[in-house]
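Have a look at target-v8.tsv; it's TSV, C-alpha atoms:
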```tsv
chain	number	residue	atom	x	y	z
A	1	MET	CA	63.03	38.66	-62.86
A	2	ARG	CA	65.88	36.72	-61.28
A	3	ILE	CA	69.42	36.72	-62.64
A	4	VAL	CA	71.83	34.02	-61.46
A	5	SER	CA	75.50	33.62	-62.35
A	6	GLY	CA	78.61	32.12	-60.77
A	7	ILE	CA	82.38	32.07	-61.04
A	8	GLN	CA	84.91	29.57	-59.75
A	9	PRO	CA	87.11	30.93	-56.94
A	10	THR	CA	90.34	29.69	-58.48
A	11	GLY	CA	93.21	32.05	-59.22
A	12	ASP	CA	93.10	35.83	-59.41
A	13	LEU	CA	90.46	37.66	-61.41
A	14	HIS	CA	92.00	39.06	-64.56
A	15	LEU	CA	91.10	41.62	-67.19
A	16	GLY	CA	89.29	39.02	-69.29
A	17	ASN	CA	87.01	38.14	-66.36
A	18	TYR	CA	86.34	41.81	-65.70
A	19	LEU	CA	85.53	42.87	-69.26
A	20	GLY	CA	83.86	39.60	-70.24
A	21	ALA	CA	81.67	39.03	-67.19
A	22	ILE	CA	82.15	41.03	-63.99
A	23	ARG	CA	81.61	44.45	-65.52
A	24	ASN	CA	78.35	43.16	-66.98
A	25	TRP	CA	77.35	41.71	-63.59
A	26	VAL	CA	77.76	45.17	-62.09
A	27	ALA	CA	75.79	46.78	-64.91
A	28	MET	CA	72.96	44.25	-64.50
A	29	GLN	CA	72.97	44.80	-60.74
A	30	ASP	CA	72.70	48.55	-61.21
A	31	GLU	CA	70.01	48.34	-63.90
A	32	TRP	CA	67.82	45.46	-62.78
A	33	THR	CA	67.77	45.76	-59.00
A	34	ALA	CA	66.47	49.30	-59.49
A	35	LYS	CA	63.53	47.68	-61.34
A	36	GLY	CA	62.84	45.18	-58.56
A	37	ALA	CA	64.78	42.21	-59.97
A	38	THR	CA	66.99	39.97	-57.83
A	39	CYS	CA	70.61	39.33	-58.83
A	40	LEU	CA	72.34	36.30	-57.30
A	41	TYR	CA	76.08	35.96	-57.81
A	42	PHE	CA	77.84	32.96	-56.30
A	43	LEU	CA	81.32	31.56	-55.91
A	44	ALA	CA	81.29	28.06	-57.37
A	45	ASP	CA	83.48	26.37	-54.77
A	46	LEU	CA	81.62	23.06	-55.16
A	47	HIS	CA	82.53	23.12	-58.84
A	48	ALA	CA	86.16	23.76	-57.94
A	49	ILE	CA	86.54	20.37	-56.25
A	50	SER	CA	85.78	18.57	-59.52
A	51	MET	CA	89.48	19.04	-60.32
A	52	PRO	CA	92.54	18.42	-58.15
A	53	HIS	CA	92.96	21.25	-55.67
A	54	VAL	CA	94.71	22.29	-52.46
A	55	PRO	CA	92.11	22.82	-49.69
A	56	ALA	CA	93.95	25.73	-48.07
A	57	ASP	CA	94.27	27.45	-51.43
A	58	LEU	CA	90.55	27.05	-52.13
A	59	SER	CA	89.65	28.67	-48.79
A	60	ALA	CA	92.00	31.57	-49.45
A	61	SER	CA	90.92	32.08	-53.06
A	62	THR	CA	87.24	32.03	-52.08
A	63	ARG	CA	87.79	34.98	-49.76
A	64	ASP	CA	90.05	36.68	-52.32
A	65	MET	CA	87.31	36.35	-54.94
A	66	VAL	CA	84.76	37.97	-52.64
A	67	ALA	CA	87.11	40.88	-52.15
A	68	ALA	CA	87.69	41.19	-55.90
A	69	LEU	CA	84.00	41.11	-56.79
A	70	VAL	CA	83.09	43.73	-54.21
A	71	ALA	CA	86.04	45.86	-55.35
A	72	CYS	CA	84.72	45.65	-58.93
A	73	GLY	CA	81.34	46.98	-57.84
A	74	ILE	CA	79.18	44.05	-56.72
A	75	ASP	CA	77.19	45.42	-53.77
A	76	PRO	CA	76.27	42.76	-51.17
A	77	ASP	CA	73.40	44.97	-50.03
A	78	ARG	CA	71.79	45.03	-53.49
A	79	SER	CA	72.85	41.63	-54.83
A	80	VAL	CA	72.95	38.23	-53.16
A	81	LEU	CA	76.65	37.29	-53.00
A	82	PHE	CA	77.52	33.90	-51.51
A	83	ASN	CA	79.44	30.66	-51.96
A	84	GLN	CA	77.78	27.36	-52.86
A	85	ALA	CA	79.19	25.43	-49.89
A	86	GLN	CA	77.09	27.49	-47.46
A	87	VAL	CA	73.88	26.64	-49.32
A	88	PRO	CA	73.51	22.83	-49.17
A	89	ALA	CA	70.46	23.01	-51.42
A	90	HIS	CA	72.80	23.25	-54.44
A	91	ALA	CA	74.23	19.78	-53.79
A	92	GLU	CA	70.83	18.39	-52.76
A	93	LEU	CA	69.13	19.55	-55.92
A	94	GLN	CA	71.97	18.25	-58.06
A	95	TRP	CA	71.34	14.76	-56.70
A	96	LEU	CA	67.61	15.06	-57.33
A	97	LEU	CA	68.29	16.19	-60.90
A	98	ASN	CA	70.75	13.36	-61.51
A	99	GLY	CA	67.70	11.12	-61.84
A	100	THR	CA	66.41	13.28	-64.70
A	101	ALA	CA	69.66	14.07	-66.54
A	102	ARG	CA	70.75	11.51	-69.14
A	103	THR	CA	74.24	10.16	-69.72
A	104	GLY	CA	73.87	10.84	-73.43
A	105	TRP	CA	73.37	14.51	-72.67
A	106	LEU	CA	76.45	14.65	-70.44
A	107	ASN	CA	78.58	12.73	-72.94
A	108	ARG	CA	78.04	15.55	-75.41
A	109	MET	CA	79.28	18.27	-73.08
A	110	THR	CA	82.29	19.96	-74.68
A	111	GLN	CA	83.81	20.94	-71.33
A	112	TRP	CA	83.84	17.30	-70.17
A	113	LYS	CA	85.64	16.26	-73.33
A	114	ASP	CA	88.17	19.09	-73.06
A	115	LYS	CA	89.00	18.77	-69.36
A	116	ALA	CA	88.96	14.97	-69.16
A	117	GLY	CA	90.98	14.63	-72.34
A	118	LYS	CA	92.12	11.12	-73.16
A	119	ASN	CA	92.11	10.08	-69.49
A	120	ARG	CA	88.33	9.98	-69.06
A	121	GLU	CA	88.41	6.94	-66.80
A	122	GLY	CA	90.82	8.78	-64.52
A	123	ALA	CA	88.69	11.93	-64.30
A	124	SER	CA	86.46	12.53	-61.30
A	125	VAL	CA	82.74	11.75	-61.36
A	126	ALA	CA	82.24	15.35	-60.22
A	127	LEU	CA	83.78	16.60	-63.46
A	128	TYR	CA	81.37	14.45	-65.45
A	129	THR	CA	78.28	15.57	-63.50
A	130	TYR	CA	79.49	19.18	-63.26
A	131	PRO	CA	76.80	20.37	-65.74
A	132	VAL	CA	74.03	18.91	-63.56
A	133	LEU	CA	75.27	20.99	-60.64
A	134	GLN	CA	75.31	23.99	-62.96
A	135	ALA	CA	71.69	23.26	-63.79
A	136	ALA	CA	70.86	23.03	-60.09
A	137	ASP	CA	72.62	26.36	-59.48
A	138	VAL	CA	70.15	28.25	-61.66
A	139	LEU	CA	66.99	26.14	-61.38
A	140	LEU	CA	67.17	26.29	-57.58
A	141	TYR	CA	66.37	30.01	-57.62
A	142	GLN	CA	63.77	29.97	-60.41
A	143	ALA	CA	66.22	32.00	-62.46
A	144	THR	CA	64.57	33.76	-65.37
A	145	HIS	CA	67.84	34.86	-66.95
A	146	VAL	CA	71.45	33.65	-66.86
A	147	PRO	CA	74.37	35.66	-68.28
A	148	VAL	CA	76.39	33.32	-70.49
A	149	GLY	CA	79.28	33.53	-72.89
A	150	GLU	CA	79.38	31.47	-76.05
A	151	ASP	CA	81.29	28.71	-74.21
A	152	GLN	CA	78.51	28.30	-71.63
A	153	LYS	CA	75.46	28.27	-73.90
A	154	GLN	CA	75.60	24.47	-74.10
A	155	HIS	CA	75.35	24.15	-70.32
A	156	LEU	CA	72.35	26.47	-70.12
A	157	GLU	CA	70.65	24.48	-72.87
A	158	LEU	CA	71.24	21.36	-70.76
A	159	ALA	CA	69.70	23.08	-67.73
A	160	ARG	CA	66.61	23.87	-69.79
A	161	ASP	CA	66.42	20.27	-71.03
A	162	ILE	CA	66.64	18.93	-67.47
A	163	ALA	CA	64.02	21.40	-66.23
A	164	GLN	CA	61.65	20.58	-69.08
A	165	LYS	CA	61.97	16.81	-68.62
A	166	PHE	CA	61.52	17.10	-64.84
A	167	ASN	CA	58.42	19.23	-65.30
A	168	ASN	CA	57.04	16.81	-67.89
A	169	ASP	CA	57.73	13.73	-65.77
A	170	PHE	CA	56.82	14.94	-62.29
A	171	ALA	CA	54.69	18.09	-62.50
A	172	SER	CA	51.67	19.42	-64.30
A	173	GLU	CA	51.68	21.94	-67.09
A	174	ASP	CA	49.83	24.41	-64.87
A	175	THR	CA	52.22	24.06	-61.90
A	176	PRO	CA	55.74	23.34	-63.17
A	177	VAL	CA	58.46	22.90	-60.54
A	178	PHE	CA	61.13	24.74	-62.50
A	179	THR	CA	61.34	27.91	-64.56
A	180	LEU	CA	63.18	27.50	-67.86
A	181	PRO	CA	65.86	30.22	-67.78
A	182	ASP	CA	66.71	32.34	-70.80
A	183	PRO	CA	70.27	33.35	-71.67
A	184	ILE	CA	71.57	36.88	-71.44
A	185	ILE	CA	74.40	37.32	-73.92
A	186	PRO	CA	75.61	40.88	-73.43
A	187	PRO	CA	76.15	42.41	-76.89
A	188	GLU	CA	79.25	44.22	-75.72
A	189	ALA	CA	80.86	41.37	-73.80
A	190	ALA	CA	84.53	41.63	-74.71
A	191	ARG	CA	86.47	38.51	-75.64
A	192	ILE	CA	89.92	39.21	-74.23
A	193	MET	CA	92.81	37.10	-75.44
A	194	SER	CA	96.19	36.21	-73.95
A	195	LEU	CA	98.92	38.85	-74.10
A	196	ARG	CA	101.29	36.09	-75.24
A	197	ASP	CA	99.04	34.41	-77.82
A	198	GLY	CA	96.27	36.27	-79.58
A	199	SER	CA	94.55	33.01	-80.53
A	200	ALA	CA	94.01	31.85	-76.92
A	201	LYS	CA	91.66	33.36	-74.34
A	202	MET	CA	93.16	35.19	-71.38
A	203	SER	CA	92.99	32.57	-68.63
A	204	LYS	CA	93.66	32.09	-64.93
A	205	SER	CA	95.03	28.64	-65.71
A	206	ASP	CA	97.72	29.84	-68.12
A	207	PRO	CA	101.07	29.06	-66.43
A	208	SER	CA	102.52	32.37	-67.60
A	209	ASP	CA	101.51	35.36	-65.50
A	210	GLN	CA	102.69	37.52	-68.40
A	211	SER	CA	99.70	36.28	-70.40
A	212	ARG	CA	97.16	38.26	-68.38
A	213	ILE	CA	96.52	41.50	-66.52
A	214	ASN	CA	95.39	40.57	-63.01
A	215	LEU	CA	93.03	43.00	-61.31
A	216	THR	CA	95.46	42.91	-58.38
A	217	ASP	CA	98.50	43.96	-60.44
A	218	ASP	CA	100.10	47.25	-59.44
A	219	ALA	CA	100.79	50.07	-61.90
A	220	ASP	CA	104.37	49.05	-62.69
A	221	THR	CA	103.34	45.44	-63.34
A	222	ILE	CA	100.48	46.46	-65.63
A	223	MET	CA	102.72	48.70	-67.72
A	224	GLN	CA	105.47	46.08	-67.89
A	225	LYS	CA	103.03	43.38	-69.07
A	226	VAL	CA	101.50	45.65	-71.71
A	227	LYS	CA	104.89	46.69	-73.06
A	228	LYS	CA	105.99	43.05	-73.27
A	229	ALA	CA	102.75	41.88	-74.89
A	230	ARG	CA	103.29	40.04	-78.14
A	231	THR	CA	102.74	42.15	-81.25
A	232	ASP	CA	103.96	42.40	-84.83
A	233	PRO	CA	106.30	44.99	-86.40
A	234	GLU	CA	103.64	46.75	-88.49
A	235	PRO	CA	102.00	50.02	-87.40
A	236	LEU	CA	98.34	50.02	-86.49
A	237	PRO	CA	95.96	50.22	-89.47
A	238	SER	CA	93.48	53.01	-90.00
A	239	ASP	CA	90.44	50.71	-90.09
A	240	ALA	CA	89.29	47.48	-88.44
A	241	ALA	CA	89.67	45.44	-91.64
A	242	GLY	CA	93.42	45.86	-91.31
A	243	LEU	CA	93.35	43.87	-88.04
A	244	ALA	CA	91.76	40.77	-89.58
A	245	ASP	CA	94.96	38.71	-89.74
A	246	ARG	CA	96.72	40.35	-86.79
A	247	ALA	CA	95.40	38.58	-83.69
A	248	GLU	CA	97.67	40.24	-81.13
A	249	ALA	CA	97.14	43.74	-82.51
A	250	ARG	CA	93.39	43.15	-82.67
A	251	ASN	CA	93.40	42.03	-79.04
A	252	LEU	CA	95.23	45.10	-77.74
A	253	VAL	CA	93.04	47.48	-79.72
A	254	GLY	CA	89.98	45.62	-78.48
A	255	ILE	CA	91.14	45.99	-74.87
A	256	TYR	CA	91.65	49.72	-75.37
A	257	ALA	CA	88.20	50.07	-76.91
A	258	ALA	CA	86.50	48.08	-74.13
A	259	MET	CA	88.23	49.93	-71.31
A	260	SER	CA	87.60	53.35	-72.82
A	261	GLY	CA	84.00	52.68	-73.81
A	262	ARG	CA	84.78	53.38	-77.46
A	263	ASP	CA	84.51	51.28	-80.60
A	264	VAL	CA	87.49	49.90	-82.51
A	265	ALA	CA	87.01	52.36	-85.38
A	266	SER	CA	87.33	55.28	-82.98
A	267	VAL	CA	90.52	53.88	-81.44
A	268	LEU	CA	92.08	53.31	-84.86
A	269	ALA	CA	91.09	56.80	-85.97
A	270	GLU	CA	93.28	58.08	-83.13
A	271	PHE	CA	96.17	55.61	-83.33
A	272	GLY	CA	96.12	54.40	-86.96
A	273	GLY	CA	99.53	54.69	-88.60
A	274	GLN	CA	101.34	54.74	-85.26
A	275	GLY	CA	103.53	51.96	-83.94
A	276	PHE	CA	103.17	49.95	-80.75
A	277	GLY	CA	105.88	52.05	-79.17
A	278	THR	CA	103.25	54.77	-78.93
A	279	PHE	CA	100.13	52.66	-78.50
A	280	LYS	CA	101.31	50.36	-75.72
A	281	PRO	CA	102.16	53.12	-73.21
A	282	ALA	CA	98.80	54.74	-73.93
A	283	LEU	CA	97.06	51.41	-73.31
A	284	GLY	CA	99.07	50.87	-70.13
A	285	ASP	CA	98.12	54.31	-68.80
A	286	LEU	CA	94.44	53.66	-69.54
A	287	LEU	CA	94.49	50.30	-67.75
A	288	ILE	CA	96.29	51.76	-64.74
A	289	ASP	CA	93.78	54.61	-64.50
A	290	ARG	CA	90.77	52.29	-64.63
A	291	LEU	CA	92.11	49.38	-62.58
A	292	ALA	CA	93.98	51.27	-59.83
A	293	PRO	CA	90.81	52.03	-57.77
A	294	ILE	CA	89.75	48.37	-58.05
A	295	GLY	CA	93.17	47.17	-56.90
A	296	ALA	CA	93.26	49.57	-53.96
A	297	ARG	CA	89.78	48.57	-52.79
A	298	TYR	CA	90.64	44.90	-53.23
A	299	ARG	CA	93.73	45.13	-51.03
A	300	GLU	CA	91.71	46.94	-48.37
A	301	LEU	CA	88.98	44.30	-48.36
A	302	ARG	CA	91.33	41.34	-48.48
A	303	ALA	CA	93.00	42.47	-45.28
A	304	ASP	CA	89.76	42.01	-43.29
A	305	ARG	CA	88.94	38.29	-43.26
A	306	CYS	CA	86.09	38.70	-40.76
A	307	ALA	CA	84.36	41.21	-43.00
A	308	LEU	CA	84.66	38.90	-46.01
A	309	ASP	CA	83.25	35.96	-44.05
A	310	ALA	CA	80.38	38.17	-42.89
A	311	ILE	CA	79.55	39.12	-46.50
A	312	LEU	CA	79.40	35.45	-47.48
A	313	ALA	CA	77.34	34.50	-44.41
A	314	ARG	CA	74.73	37.22	-45.08
A	315	GLY	CA	74.49	36.28	-48.72
A	316	ALA	CA	74.19	32.57	-47.94
A	317	GLN	CA	71.36	33.22	-45.49
A	318	LYS	CA	69.43	35.10	-48.17
A	319	ALA	CA	70.16	32.36	-50.71
A	320	ARG	CA	68.97	29.60	-48.37
A	321	VAL	CA	65.64	31.40	-47.90
A	322	LEU	CA	65.21	31.88	-51.64
A	323	SER	CA	66.15	28.27	-52.46
A	324	ARG	CA	63.93	26.50	-49.93
A	325	PRO	CA	60.57	26.60	-51.80
A	326	THR	CA	62.08	25.12	-54.97
A	327	LEU	CA	63.92	22.37	-53.12
A	328	ASP	CA	60.79	21.45	-51.17
A	329	ALA	CA	58.76	21.36	-54.37
A	330	ALA	CA	61.32	19.08	-56.05
A	331	TYR	CA	61.29	16.63	-53.12
A	332	ALA	CA	57.50	16.57	-53.10
A	333	ALA	CA	57.24	16.11	-56.86
A	334	LEU	CA	59.53	13.09	-56.67
A	335	GLY	CA	57.45	11.50	-53.91
A	336	LEU	CA	60.21	11.71	-51.31
A	337	VAL	CA	59.05	11.83	-47.71
A	338	THR	CA	60.60	14.69	-45.77
A	339	SER	CA	59.86	16.29	-42.41
A	340	ALA	CA	57.71	19.38	-42.33
```
Rewrite the coordinates I just gave you, this time as structure tokens.
Amino acid sequence: MRIVSGIQPTGDLHLGNYLGAIRNWVAMQDEWTAKGATCLYFLADLHAISMPHVPADLSASTRDMVAALVACGIDPDRSVLFNQAQVPAHAELQWLLNGTARTGWLNRMTQWKDKAGKNREGASVALYTYPVLQAADVLLYQATHVPVGEDQKQHLELARDIAQKFNNDFASEDTPVFTLPDPIIPPEAARIMSLRDGSAKMSKSDPSDQSRINLTDDADTIMQKVKKARTDPEPLPSDAAGLADRAEARNLVGIYAAMSGRDVASVLAEFGGQGFGTFKPALGDLLIDRLAPIGARYRELRADRCALDAILARGAQKARVLSRPTLDAAYAALGLVTSA
């Protein structure tokens, strides 16, 4: 079993990233590596250049993201942690798969439509072919499983379509070049919304820092953001049905439940009937207690650039070894002449 997943190194990791993805990465690492599986987690820096960016900021945020992931519990000795740019096979395989992917498939990608907007002719080619690189990211390692949220299921389906067509066109049924990966959709993956708008996901790209809890925020900042989070004047209900039309209240209760390992019903049994003047400080204290060790470890790691570069270099070396057989098989299947 091989699990592959990536995250763009843009902006600080926030609570939504942690509860929605990173915490599950750590849990999968702990569970599956003990059973002999391989977990590969990469920083998608090649994806980051599909949008306008500042080179110096990308370099810094790549190292910051390594520090954050390790602080959250990703162990470079048990998982393969690396950045795409140090494994050229990602870009090579994307080009090979471009011959198999179809423009009709890419035209249907929701992310392309959303990010390009009305200015599609002004968007980069990299943004358009972004999903093919995502396919290469997982197919390169013969991934059997890929953790995905609802917003990424379409891209994994595309990866499977590309793999299936490549196998059909250039390989035999008995010796396919690519494994078709299956999705892992963690049943308890929390969907964390903005502290300023309960209808929008918590996001690194939101211009307001008040909309999110960064994993690097100190205790005072966390408490201040929680206390200023948008809510309504009504007290908390005694059951989950009472949160149906209260997006901001539902979000804060959901955060408390996710961080405490409880369900919403249990949280409301404790706080139902009480106002946010009581609930928000309790939520702030919980977040501070759980995030403080992560923040402290992050600041320690971030101060040692050489150590961060060494983590990436070790991970990239492992990834290059794992990727080579698949890349060689893809070249051979296509009839391309390469040196031995």
Can you list every residue of range 43-136 of chain A that has an atom at most 12 Å from range 203-220 of chain A, with its nearest atom pair and the distance in Å to one decimal, using only C-alpha atoms, ordered by chain then number, as JSON lines?
```
{"residue": "A:Asp64", "atom": "CA", "partner": "A:Thr216", "partner_atom": "CA", "distance": 10.2}
{"residue": "A:Met65", "atom": "CA", "partner": "A:Leu215", "partner_atom": "CA", "distance": 10.8}
{"residue": "A:Ala67", "atom": "CA", "partner": "A:Thr216", "partner_atom": "CA", "distance": 10.6}
{"residue": "A:Ala68", "atom": "CA", "partner": "A:Leu215", "partner_atom": "CA", "distance": 7.8}
{"residue": "A:Leu69", "atom": "CA", "partner": "A:Leu215", "partner_atom": "CA", "distance": 10.3}
{"residue": "A:Ala71", "atom": "CA", "partner": "A:Leu215", "partner_atom": "CA", "distance": 9.6}
{"residue": "A:Cys72", "atom": "CA", "partner": "A:Leu215", "partner_atom": "CA", "distance": 9.0}
```
A straight line from CA of Thr129 in chain A to CA of Leu327 in chain A spans 19.0 Å
Using only C-alpha atoms, determine which residues lie at most 10 Å from range 226-238 of chain A, disregarding the query and same-chain residues fewer than 3 positions distant; provide the list as a PyMOL selection string. chain A and resi 194-198+210-213+221-223+241-243+246-253+265-285+287
Tell me which residues come within 7 Å of (78.4, 26.6, -53.9), as a PyMOL selection string, counting only C-alpha atoms in the file's coordinates. chain A and resi 42-46+83-87+90
Nearest to Lys115 in chain A by atom-to-atom distance, counting all atoms listed in the file, from A:Ala316, A:Met51, A:Ala89, A:Val70: A:Met51
Coordinates-based distance that separates CA of Ala159 in chain A from CA of Lys201 in chain A (Å, one decimal): 25.1 Å
Compile the contact shell of Ala37 in chain A as a list of chain:residue names: residues with an atom at most 12 Å away, counting only C-alpha atoms, same-chain residues fewer than 5 positions apart removed. A:Met1, A:Arg2, A:Ile3, A:Val4, A:Met28, A:Gln29, A:Asp30, A:Glu31, A:Trp32, A:Arg78, A:Ser79, A:Val80, A:Ala143, A:Thr144, A:His145
Using all atoms listed in the file, the shortest atom-to-atom distance to Val146 in chain A among A:Val54, A:Leu40, A:Val26, A:Leu81 belongs to A:Leu40
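Interatomic distance, CA of Leu286 in chain A to CA of Arg302 in chain A: 24.6 Å.
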